[in-house]
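*Asks:* File name coords-v6.cif; file contents mmCIF, C-alpha atoms and all ligand atoms; full text below.
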```cif
data_structure
#
loop_
_atom_site.group_PDB
_atom_site.id
_atom_site.type_symbol
_atom_site.label_atom_id
_atom_site.label_comp_id
_atom_site.auth_asym_id
_atom_site.auth_seq_id
_atom_site.Cartn_x
_atom_site.Cartn_y
_atom_site.Cartn_z
ATOM 1 C CA MET I 1 31.839 -7.973 -38.852
ATOM 2 C CA GLN I 2 34.445 -10.738 -38.814
ATOM 3 C CA ILE I 3 33.796 -14.464 -39.289
ATOM 4 C CA ARG I 4 36.295 -16.666 -37.426
ATOM 5 C CA PRO I 5 36.542 -19.816 -35.290
ATOM 6 C CA ALA I 6 35.111 -19.389 -31.781
ATOM 7 C CA THR I 7 37.554 -19.287 -28.875
ATOM 8 C CA PRO I 8 36.894 -19.718 -25.135
ATOM 9 C CA ASN I 9 37.140 -15.912 -24.815
ATOM 10 C CA ASP I 10 34.054 -15.582 -27.045
ATOM 11 C CA ALA I 11 31.930 -17.804 -24.793
ATOM 12 C CA PRO I 12 30.369 -15.008 -22.647
ATOM 13 C CA ALA I 13 29.322 -13.040 -25.759
ATOM 14 C CA MET I 14 28.073 -16.231 -27.452
ATOM 15 C CA SER I 15 26.054 -17.051 -24.350
ATOM 16 C CA ALA I 16 24.591 -13.508 -24.271
ATOM 17 C CA MET I 17 23.488 -13.888 -27.905
ATOM 18 C CA LEU I 18 21.884 -17.292 -27.189
ATOM 19 C CA GLU I 19 20.075 -15.857 -24.136
ATOM 20 C CA ALA I 20 18.736 -13.049 -26.359
ATOM 21 C CA LEU I 21 17.362 -15.687 -28.753
ATOM 22 C CA ILE I 22 15.672 -17.451 -25.818
ATOM 23 C CA ALA I 23 14.154 -14.142 -24.642
ATOM 24 C CA ALA I 24 12.844 -13.553 -28.169
ATOM 25 C CA GLY I 25 11.166 -16.991 -28.156
ATOM 26 C CA LYS I 26 13.453 -18.300 -30.907
ATOM 27 C CA ARG I 27 15.373 -20.904 -28.912
ATOM 28 C CA THR I 28 14.337 -23.660 -26.494
ATOM 29 C CA ASN I 29 17.759 -25.157 -25.603
ATOM 30 C CA PRO I 30 19.795 -23.538 -22.805
ATOM 31 C CA GLY I 31 22.134 -20.620 -23.490
ATOM 32 C CA ASP I 32 24.185 -20.392 -20.291
ATOM 33 C CA LEU I 33 27.980 -20.274 -20.228
ATOM 34 C CA ASP I 34 28.506 -23.948 -19.317
ATOM 35 C CA TYR I 35 26.160 -25.082 -22.105
ATOM 36 C CA THR I 36 27.892 -22.748 -24.566
ATOM 37 C CA MET I 37 31.343 -24.072 -23.693
ATOM 38 C CA ALA I 38 30.313 -27.748 -23.803
ATOM 39 C CA ASN I 39 28.122 -27.620 -26.907
ATOM 40 C CA TYR I 40 29.819 -25.018 -29.089
ATOM 41 C CA VAL I 41 33.339 -23.976 -28.043
ATOM 42 C CA ASN I 42 34.680 -27.306 -26.737
ATOM 43 C CA ARG I 43 32.421 -29.841 -28.424
ATOM 44 C CA PRO I 44 34.296 -33.190 -28.565
ATOM 45 C CA ASP I 45 32.783 -34.142 -31.952
ATOM 46 C CA GLY I 46 33.033 -30.560 -33.236
ATOM 47 C CA ILE I 47 34.574 -29.778 -36.630
ATOM 48 C CA LEU I 48 34.188 -25.995 -36.539
ATOM 49 C CA CYS I 49 32.210 -23.487 -34.525
ATOM 50 C CA SER I 50 32.339 -20.108 -36.260
ATOM 51 C CA VAL I 51 31.305 -16.800 -34.801
ATOM 52 C CA ALA I 52 30.335 -13.545 -36.464
ATOM 53 C CA VAL I 53 31.870 -10.857 -34.277
ATOM 54 C CA GLU I 54 31.483 -7.070 -34.207
ATOM 55 C CA GLU I 55 34.466 -4.795 -33.510
ATOM 56 C CA ASP I 56 33.325 -4.353 -29.899
ATOM 57 C CA GLY I 57 33.474 -8.140 -29.366
ATOM 58 C CA SER I 58 29.724 -8.731 -29.418
ATOM 59 C CA VAL I 59 28.655 -11.905 -31.181
ATOM 60 C CA LEU I 60 26.038 -11.510 -33.918
ATOM 61 C CA GLY I 61 25.786 -15.202 -34.673
ATOM 62 C CA LEU I 62 27.340 -18.625 -34.429
ATOM 63 C CA GLN I 63 27.295 -21.760 -36.525
ATOM 64 C CA SER I 64 28.332 -25.158 -35.276
ATOM 65 C CA LEU I 65 29.439 -27.999 -37.555
ATOM 66 C CA SER I 66 30.035 -31.333 -35.864
ATOM 67 C CA ARG I 67 30.511 -34.918 -37.005
ATOM 68 C CA ALA I 68 27.613 -37.323 -36.426
ATOM 69 C CA ILE I 69 28.745 -40.138 -34.169
ATOM 70 C CA GLU I 70 26.958 -43.436 -33.562
ATOM 71 C CA GLY I 71 23.909 -42.927 -31.322
ATOM 72 C CA ASN I 72 23.725 -39.146 -31.850
ATOM 73 C CA PRO I 73 20.430 -37.649 -30.606
ATOM 74 C CA TYR I 74 19.346 -36.511 -34.097
ATOM 75 C CA ARG I 75 19.687 -40.001 -35.616
ATOM 76 C CA THR I 76 21.859 -38.392 -38.299
ATOM 77 C CA PRO I 77 23.775 -41.024 -40.300
ATOM 78 C CA GLU I 78 27.231 -41.641 -38.820
ATOM 79 C CA GLY I 79 29.972 -39.604 -40.515
ATOM 80 C CA TRP I 80 27.662 -36.869 -41.790
ATOM 81 C CA GLY I 81 27.994 -33.298 -40.609
ATOM 82 C CA ILE I 82 25.422 -31.831 -38.218
ATOM 83 C CA ILE I 83 24.858 -28.074 -38.419
ATOM 84 C CA GLY I 84 23.236 -25.530 -36.106
ATOM 85 C CA THR I 85 22.875 -21.804 -36.753
ATOM 86 C CA HIS I 86 22.000 -19.070 -34.265
ATOM 87 C CA VAL I 87 21.852 -15.385 -35.203
ATOM 88 C CA ALA I 88 21.013 -12.558 -32.770
ATOM 89 C CA PRO I 89 17.417 -11.379 -33.220
ATOM 90 C CA THR I 90 18.720 -7.833 -33.770
ATOM 91 C CA ALA I 91 21.044 -9.013 -36.588
ATOM 92 C CA ALA I 92 18.621 -11.228 -38.509
ATOM 93 C CA ARG I 93 18.303 -11.020 -42.279
ATOM 94 C CA ARG I 94 21.590 -9.157 -42.740
ATOM 95 C CA GLY I 95 23.542 -12.019 -44.272
ATOM 96 C CA VAL I 96 25.177 -13.220 -41.034
ATOM 97 C CA GLY I 97 23.911 -16.791 -41.457
ATOM 98 C CA SER I 98 24.971 -16.836 -45.118
ATOM 99 C CA GLN I 99 28.520 -15.748 -44.292
ATOM 100 C CA LEU I 100 28.792 -18.279 -41.481
ATOM 101 C CA PHE I 101 27.797 -21.040 -43.895
ATOM 102 C CA GLU I 102 30.672 -20.162 -46.248
ATOM 103 C CA ALA I 103 33.104 -20.990 -43.406
ATOM 104 C CA SER I 104 31.262 -24.216 -42.528
ATOM 105 C CA LYS I 105 31.275 -25.393 -46.151
ATOM 106 C CA GLN I 106 35.054 -24.963 -46.333
ATOM 107 C CA ALA I 107 35.479 -26.828 -43.032
ATOM 108 C CA ALA I 108 33.250 -29.680 -44.251
ATOM 109 C CA LEU I 109 35.291 -29.994 -47.437
ATOM 110 C CA ALA I 110 38.575 -29.980 -45.520
ATOM 111 C CA ASP I 111 37.239 -32.638 -43.138
ATOM 112 C CA GLY I 112 35.953 -34.937 -45.899
ATOM 113 C CA ILE I 113 32.294 -34.487 -44.920
ATOM 114 C CA GLU I 114 30.015 -35.392 -47.851
ATOM 115 C CA ASN I 115 26.596 -34.548 -46.405
ATOM 116 C CA ILE I 116 25.467 -32.051 -43.776
ATOM 117 C CA GLU I 117 22.173 -32.405 -41.931
ATOM 118 C CA ALA I 118 20.096 -29.619 -40.405
ATOM 119 C CA PHE I 119 17.451 -30.703 -37.885
ATOM 120 C CA ILE I 120 14.729 -28.008 -37.775
ATOM 121 C CA ASN I 121 11.472 -27.870 -35.842
ATOM 122 C CA MET I 122 8.579 -27.991 -38.310
ATOM 123 C CA ARG I 123 7.140 -24.768 -36.803
ATOM 124 C CA ASN I 124 10.421 -22.927 -37.433
ATOM 125 C CA VAL I 125 9.549 -21.419 -40.799
ATOM 126 C CA GLU I 126 12.519 -19.007 -40.876
ATOM 127 C CA GLY I 127 14.991 -21.768 -40.066
ATOM 128 C CA GLN I 128 13.595 -23.866 -42.910
ATOM 129 C CA ALA I 129 13.724 -20.903 -45.315
ATOM 130 C CA TYR I 130 17.313 -20.141 -44.324
ATOM 131 C CA TYR I 131 18.571 -23.690 -44.899
ATOM 132 C CA GLU I 132 16.646 -23.989 -48.191
ATOM 133 C CA SER I 133 18.305 -20.769 -49.295
ATOM 134 C CA MET I 134 21.735 -22.239 -48.425
ATOM 135 C CA GLY I 135 20.981 -25.251 -50.679
ATOM 136 C CA PHE I 136 19.678 -27.770 -48.112
ATOM 137 C CA ARG I 137 16.748 -29.963 -49.160
ATOM 138 C CA THR I 138 14.283 -31.993 -47.075
ATOM 139 C CA TYR I 139 15.110 -35.691 -47.112
ATOM 140 C CA ARG I 140 13.334 -37.050 -44.031
ATOM 141 C CA VAL I 141 10.932 -36.072 -41.246
ATOM 142 C CA ASP I 142 11.705 -37.109 -37.661
ATOM 143 C CA GLY I 143 8.819 -36.493 -35.273
ATOM 144 C CA GLU I 144 8.414 -32.715 -35.118
ATOM 145 C CA ALA I 145 11.625 -32.095 -37.063
ATOM 146 C CA ILE I 146 12.181 -31.459 -40.730
ATOM 147 C CA CYS I 147 15.612 -32.826 -41.654
ATOM 148 C CA LYS I 148 17.354 -31.122 -44.520
ATOM 149 C CA CYS I 149 20.502 -32.319 -46.217
ATOM 150 C CA TYR I 150 23.242 -30.366 -47.990
ATOM 151 C CA ARG I 151 25.494 -32.293 -50.368
ATOM 152 C CA VAL I 152 29.045 -30.987 -50.130
ATOM 153 C CA VAL I 153 30.403 -30.557 -53.638
ATOM 154 C CA ARG I 154 34.138 -30.859 -54.153
ATOM 155 C CA PRO I 155 35.538 -28.337 -56.687
ATOM 156 C CA LEU I 156 36.551 -29.922 -60.014
ATOM 157 C CA VAL I 157 40.189 -28.752 -59.867
HETATM 158 C C1 LIG G 1 17.369 -18.813 -39.343
HETATM 159 C C2 LIG G 1 18.558 -17.873 -39.092
HETATM 160 C C3 LIG G 1 19.786 -18.701 -38.765
HETATM 161 C C4 LIG G 1 18.819 -17.067 -40.387
HETATM 162 O O1 LIG G 1 20.003 -16.292 -40.205
HETATM 163 P P1 LIG G 1 20.177 -14.881 -40.959
HETATM 164 O O2 LIG G 1 21.506 -14.329 -40.626
HETATM 165 O O3 LIG G 1 19.001 -14.021 -40.646
HETATM 166 O O4 LIG G 1 20.135 -15.350 -42.478
HETATM 167 P P2 LIG G 1 20.570 -14.504 -43.768
HETATM 168 O O5 LIG G 1 20.351 -13.052 -43.523
HETATM 169 O O6 LIG G 1 21.942 -14.936 -44.170
HETATM 170 O O7 LIG G 1 19.496 -15.005 -44.824
HETATM 171 C C5 LIG G 1 19.831 -15.840 -45.935
HETATM 172 C C6 LIG G 1 18.559 -16.243 -46.625
HETATM 173 O O8 LIG G 1 17.798 -17.133 -45.788
HETATM 174 C C7 LIG G 1 16.388 -16.888 -46.002
HETATM 175 N N1 LIG G 1 15.804 -16.367 -44.750
HETATM 176 C C8 LIG G 1 16.480 -16.017 -43.627
HETATM 177 N N2 LIG G 1 15.599 -15.590 -42.681
HETATM 178 C C9 LIG G 1 14.368 -15.663 -43.237
HETATM 179 C C10 LIG G 1 13.059 -15.359 -42.767
HETATM 180 N N3 LIG G 1 12.846 -14.882 -41.524
HETATM 181 N N4 LIG G 1 12.017 -15.548 -43.595
HETATM 182 C C11 LIG G 1 12.200 -16.040 -44.847
HETATM 183 N N5 LIG G 1 13.434 -16.330 -45.367
HETATM 184 C C12 LIG G 1 14.491 -16.165 -44.561
HETATM 185 C C13 LIG G 1 16.298 -15.847 -47.102
HETATM 186 O O9 LIG G 1 16.271 -16.539 -48.352
HETATM 187 C C14 LIG G 1 17.610 -15.112 -46.931
HETATM 188 O O10 LIG G 1 18.039 -14.455 -48.118
HETATM 189 P P3 LIG G 1 17.484 -12.962 -48.437
HETATM 190 O O11 LIG G 1 17.551 -12.170 -47.168
HETATM 191 O O12 LIG G 1 18.412 -12.472 -49.522
HETATM 192 O O13 LIG G 1 16.071 -13.160 -48.909
HETATM 193 C C15 LIG G 1 18.258 -16.857 -37.940
HETATM 194 O O14 LIG G 1 17.038 -16.205 -38.211
HETATM 195 C C16 LIG G 1 18.169 -17.509 -36.585
HETATM 196 O O15 LIG G 1 19.178 -17.666 -35.912
HETATM 197 N N6 LIG G 1 16.941 -17.898 -36.123
HETATM 198 C C17 LIG G 1 16.763 -18.477 -34.799
HETATM 199 C C18 LIG G 1 17.472 -19.803 -34.623
HETATM 200 C C19 LIG G 1 17.084 -20.786 -35.704
HETATM 201 O O16 LIG G 1 15.939 -20.929 -36.038
HETATM 202 N N7 LIG G 1 18.093 -21.484 -36.267
HETATM 203 C C20 LIG G 1 17.874 -22.434 -37.353
HETATM 204 C C21 LIG G 1 17.456 -23.771 -36.880
HETATM 205 S S1 LIG G 1 18.780 -24.593 -35.986
#
```
What does the file become when written as structure tokens?
*Replies:*
Amino acid sequence: MQIRPATPNDAPAMSAMLEALIAAGKRTNPGDLDYTMANYVNRPDGILCSVAVEEDGSVLGLQSLSRAIEGNPYRTPEGWGIIGTHVAPTAARRGVGSQLFEASKQAALADGIENIEAFINMRNVEGQAYYESMGFRTYRVDGEAICKCYRVVRPLV
């Protein structure tokens, strides 16, 4: 498995992975090709969208890090990072999400992001457990969402 920035060529495999999550009842947003291109590959406020890719080109997971702009739908404070993580149901609990977060942390540091917010449905127990395990902590509740924040720590050197 390789972790690298997503390219337009990855979009069909990313879309297939998102559709598999929908079929498994683990995703409510769309997963079609247009949505994948607009929201992950070519996101205007995007900082980094990483993919975890198998040798055959299949996508095991993706993680999107974007910059919160004024009026964003999550009500995330402006200038913070916003993160989303999606791992194929068949690849869950194999460290894919953890490896993707290493890439996002580096991108946040390089981009001067100090806080990253994850917006998770309160019924999504695995999503909450994953972000807690990555070091995110609950700092507000927004309707049905638990909002967790990760403080990006700059190395001391
Ligand atoms: C949540 C999700 C991103 C986790 O990805 P993953 O690749 O399975 O995560 P990892 O294997 O790197 O797990 C890292 C840690 O997170 C926690 N974790 C992950 N899945 C968990 C689960 N189902 N139950 C409890 N803890 C879990 C564990 O602490 C785990 O460490 P461990 O396996 O050593 O105990 C993945 O299950 C997913 O895409 N779910 C559907 C979409 C979603 O809910 N996204 C998050 C909200 S946007």
*Asks:* Run the PyMOL selection byres (((not hetatm)) within 6 of (chain G and resi 1)) on the file and write out the hits as JSON, numbers by chain.
*Replies:* {"I": [26, 84, 85, 86, 87, 92, 93, 94, 95, 96, 97, 98, 120, 126, 127, 129, 130, 133]}
*Asks:* Would you translate the PyMOL selection byres (((chain I and resi 128) around 12) and not hetatm) into the concrete set of residues it matches in this file, as a list in words?
*Replies:*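 Selection result, ordered by chain and number: Gly84, Thr85, Ala118, Phe119, Ile120, Asn121, Met122, Arg123, Asn124, Val125, Glu126, Gly127, Ala129, Tyr130, Tyr131, Glu132, Ser133, Met134, Gly135, Phe136, Arg137, Thr138, Ala145, Ile146, Cys147, Lys148 and Cys149 of chain I.
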*Asks:* For the structure provided, state which residues fall under the PyMOL selection byres (((chain I and resi 42) around 12) and not hetatm), and present them as a PyMOL selection string.
*Replies:* chain I and resi 5-11+33-41+43-49+64+66
*Asks:* Using the selection just defined, write its residues with C-alpha atoms as an mmCIF file, keeping the file's coordinate frame.
*Replies:*
```cif
data_model
loop_
_atom_site.group_PDB
_atom_site.id
_atom_site.type_symbol
_atom_site.label_atom_id
_atom_site.label_comp_id
_atom_site.auth_asym_id
_atom_site.auth_seq_id
_atom_site.Cartn_x
_atom_site.Cartn_y
_atom_site.Cartn_z
ATOM 1 C CA PRO I 5 36.542 -19.816 -35.290
ATOM 2 C CA ALA I 6 35.111 -19.389 -31.781
ATOM 3 C CA THR I 7 37.554 -19.287 -28.875
ATOM 4 C CA PRO I 8 36.894 -19.718 -25.135
ATOM 5 C CA ASN I 9 37.140 -15.912 -24.815
ATOM 6 C CA ASP I 10 34.054 -15.582 -27.045
ATOM 7 C CA ALA I 11 31.930 -17.804 -24.793
ATOM 8 C CA LEU I 33 27.980 -20.274 -20.228
ATOM 9 C CA ASP I 34 28.506 -23.948 -19.317
ATOM 10 C CA TYR I 35 26.160 -25.082 -22.105
ATOM 11 C CA THR I 36 27.892 -22.748 -24.566
ATOM 12 C CA MET I 37 31.343 -24.072 -23.693
ATOM 13 C CA ALA I 38 30.313 -27.748 -23.803
ATOM 14 C CA ASN I 39 28.122 -27.620 -26.907
ATOM 15 C CA TYR I 40 29.819 -25.018 -29.089
ATOM 16 C CA VAL I 41 33.339 -23.976 -28.043
ATOM 17 C CA ARG I 43 32.421 -29.841 -28.424
ATOM 18 C CA PRO I 44 34.296 -33.190 -28.565
ATOM 19 C CA ASP I 45 32.783 -34.142 -31.952
ATOM 20 C CA GLY I 46 33.033 -30.560 -33.236
ATOM 21 C CA ILE I 47 34.574 -29.778 -36.630
ATOM 22 C CA LEU I 48 34.188 -25.995 -36.539
ATOM 23 C CA CYS I 49 32.210 -23.487 -34.525
ATOM 24 C CA SER I 64 28.332 -25.158 -35.276
ATOM 25 C CA SER I 66 30.035 -31.333 -35.864
#
```
*Asks:* Which distance in Å separates atom CA of Trp80 of chain I and atom CA of Glu114 of chain I, to one decimal?
*Replies:*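 So the two atoms, atom CA of Trp80 of chain I and atom CA of Glu114 of chain I, lie 6.7 Å apart.
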*Asks:* Determine the nearest neighbour of Phe101 of chain I from the options I:Ala68, I:Leu18, I:Ala88, I:Ala52, counting only C-alpha atoms.
*Replies:*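 So, comparing all the options, the nearest one is I:Ala52.
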*Asks:* Figure out the distance between atom CA of Gly25 of chain I and atom CA of Leu65 of chain I, please, to one decimal in Å.
*Replies:*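 Answer for the atom CA of Leu65 of chain I to atom CA of Gly25 of chain I separation: 23.3 Å.
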*Asks:* Have a look at atom CA of Glu54 of chain I and atom CA of Ile3 of chain I and let me know their distance in Å, one decimal.
*Replies:*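 Going from atom CA of Glu54 of chain I over to atom CA of Ile3 of chain I, I get 9.3 Å.
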*Asks:* So that I can check the surroundings of Ala110 of chain I, please list as a list in words every protein, DNA and RNA residue that reaches within 12 Å of it, counting all atoms listed in the file and ignoring chain neighbours fewer than 2 positions away.
*Replies:* Ile47, Leu48, Ala103, Ser104, Lys105, Gln106, Ala107, Ala108, Gly112, Ile113, Glu114, Val152, Val153, Arg154 and Pro155 of chain I
*Asks:* Please list as a list in words every residue within 10 Å of Ser58 of chain I, counting only C-alpha atoms and excluding residues in the same chain fewer than 2 positions away.
*Replies:* Met1, Asp10, Pro12, Ala13, Met14, Ala16, Met17, Val51, Ala52, Val53, Glu54, Glu55, Asp56, Leu60 and Gly61 of chain I
*Asks:* Keeping only C-alpha atoms, write the selected residues to a file as a PDB file, in the frame of the given file.
*Replies:*
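So the final result, stored in selection.pdb, reads:
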```pdb
ATOM      1  CA  MET I   1      31.839  -7.973 -38.852  1.00  0.00           C
ATOM      2  CA  ASP I  10      34.054 -15.582 -27.045  1.00  0.00           C
ATOM      3  CA  PRO I  12      30.369 -15.008 -22.647  1.00  0.00           C
ATOM      4  CA  ALA I  13      29.322 -13.040 -25.759  1.00  0.00           C
ATOM      5  CA  MET I  14      28.073 -16.231 -27.452  1.00  0.00           C
ATOM      6  CA  ALA I  16      24.591 -13.508 -24.271  1.00  0.00           C
ATOM      7  CA  MET I  17      23.488 -13.888 -27.905  1.00  0.00           C
ATOM      8  CA  VAL I  51      31.305 -16.800 -34.801  1.00  0.00           C
ATOM      9  CA  ALA I  52      30.335 -13.545 -36.464  1.00  0.00           C
ATOM     10  CA  VAL I  53      31.870 -10.857 -34.277  1.00  0.00           C
ATOM     11  CA  GLU I  54      31.483  -7.070 -34.207  1.00  0.00           C
ATOM     12  CA  GLU I  55      34.466  -4.795 -33.510  1.00  0.00           C
ATOM     13  CA  ASP I  56      33.325  -4.353 -29.899  1.00  0.00           C
ATOM     14  CA  LEU I  60      26.038 -11.510 -33.918  1.00  0.00           C
ATOM     15  CA  GLY I  61      25.786 -15.202 -34.673  1.00  0.00           C
TER      16      GLY I  61
END
```
*Asks:* For each of I:Asp142, I:Val59, I:Gln2, I:Asp111, take the minimum atom-to-atom distance to Pro89 of chain I, counting only C-alpha atoms, then give the residue where this is smallest.
*Replies:*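 Checking each candidate against Pro89 of chain I, we get I:Val59 as the closest.
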*Asks:* Out of I:Gly57, I:Asp32, I:Pro77, I:Ser50, which residue has the shortest atom-to-atom distance to Asn115 of chain I when counting only C-alpha atoms?
*Replies:*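 For Asn115 of chain I, the nearest of the given residues is I:Pro77.
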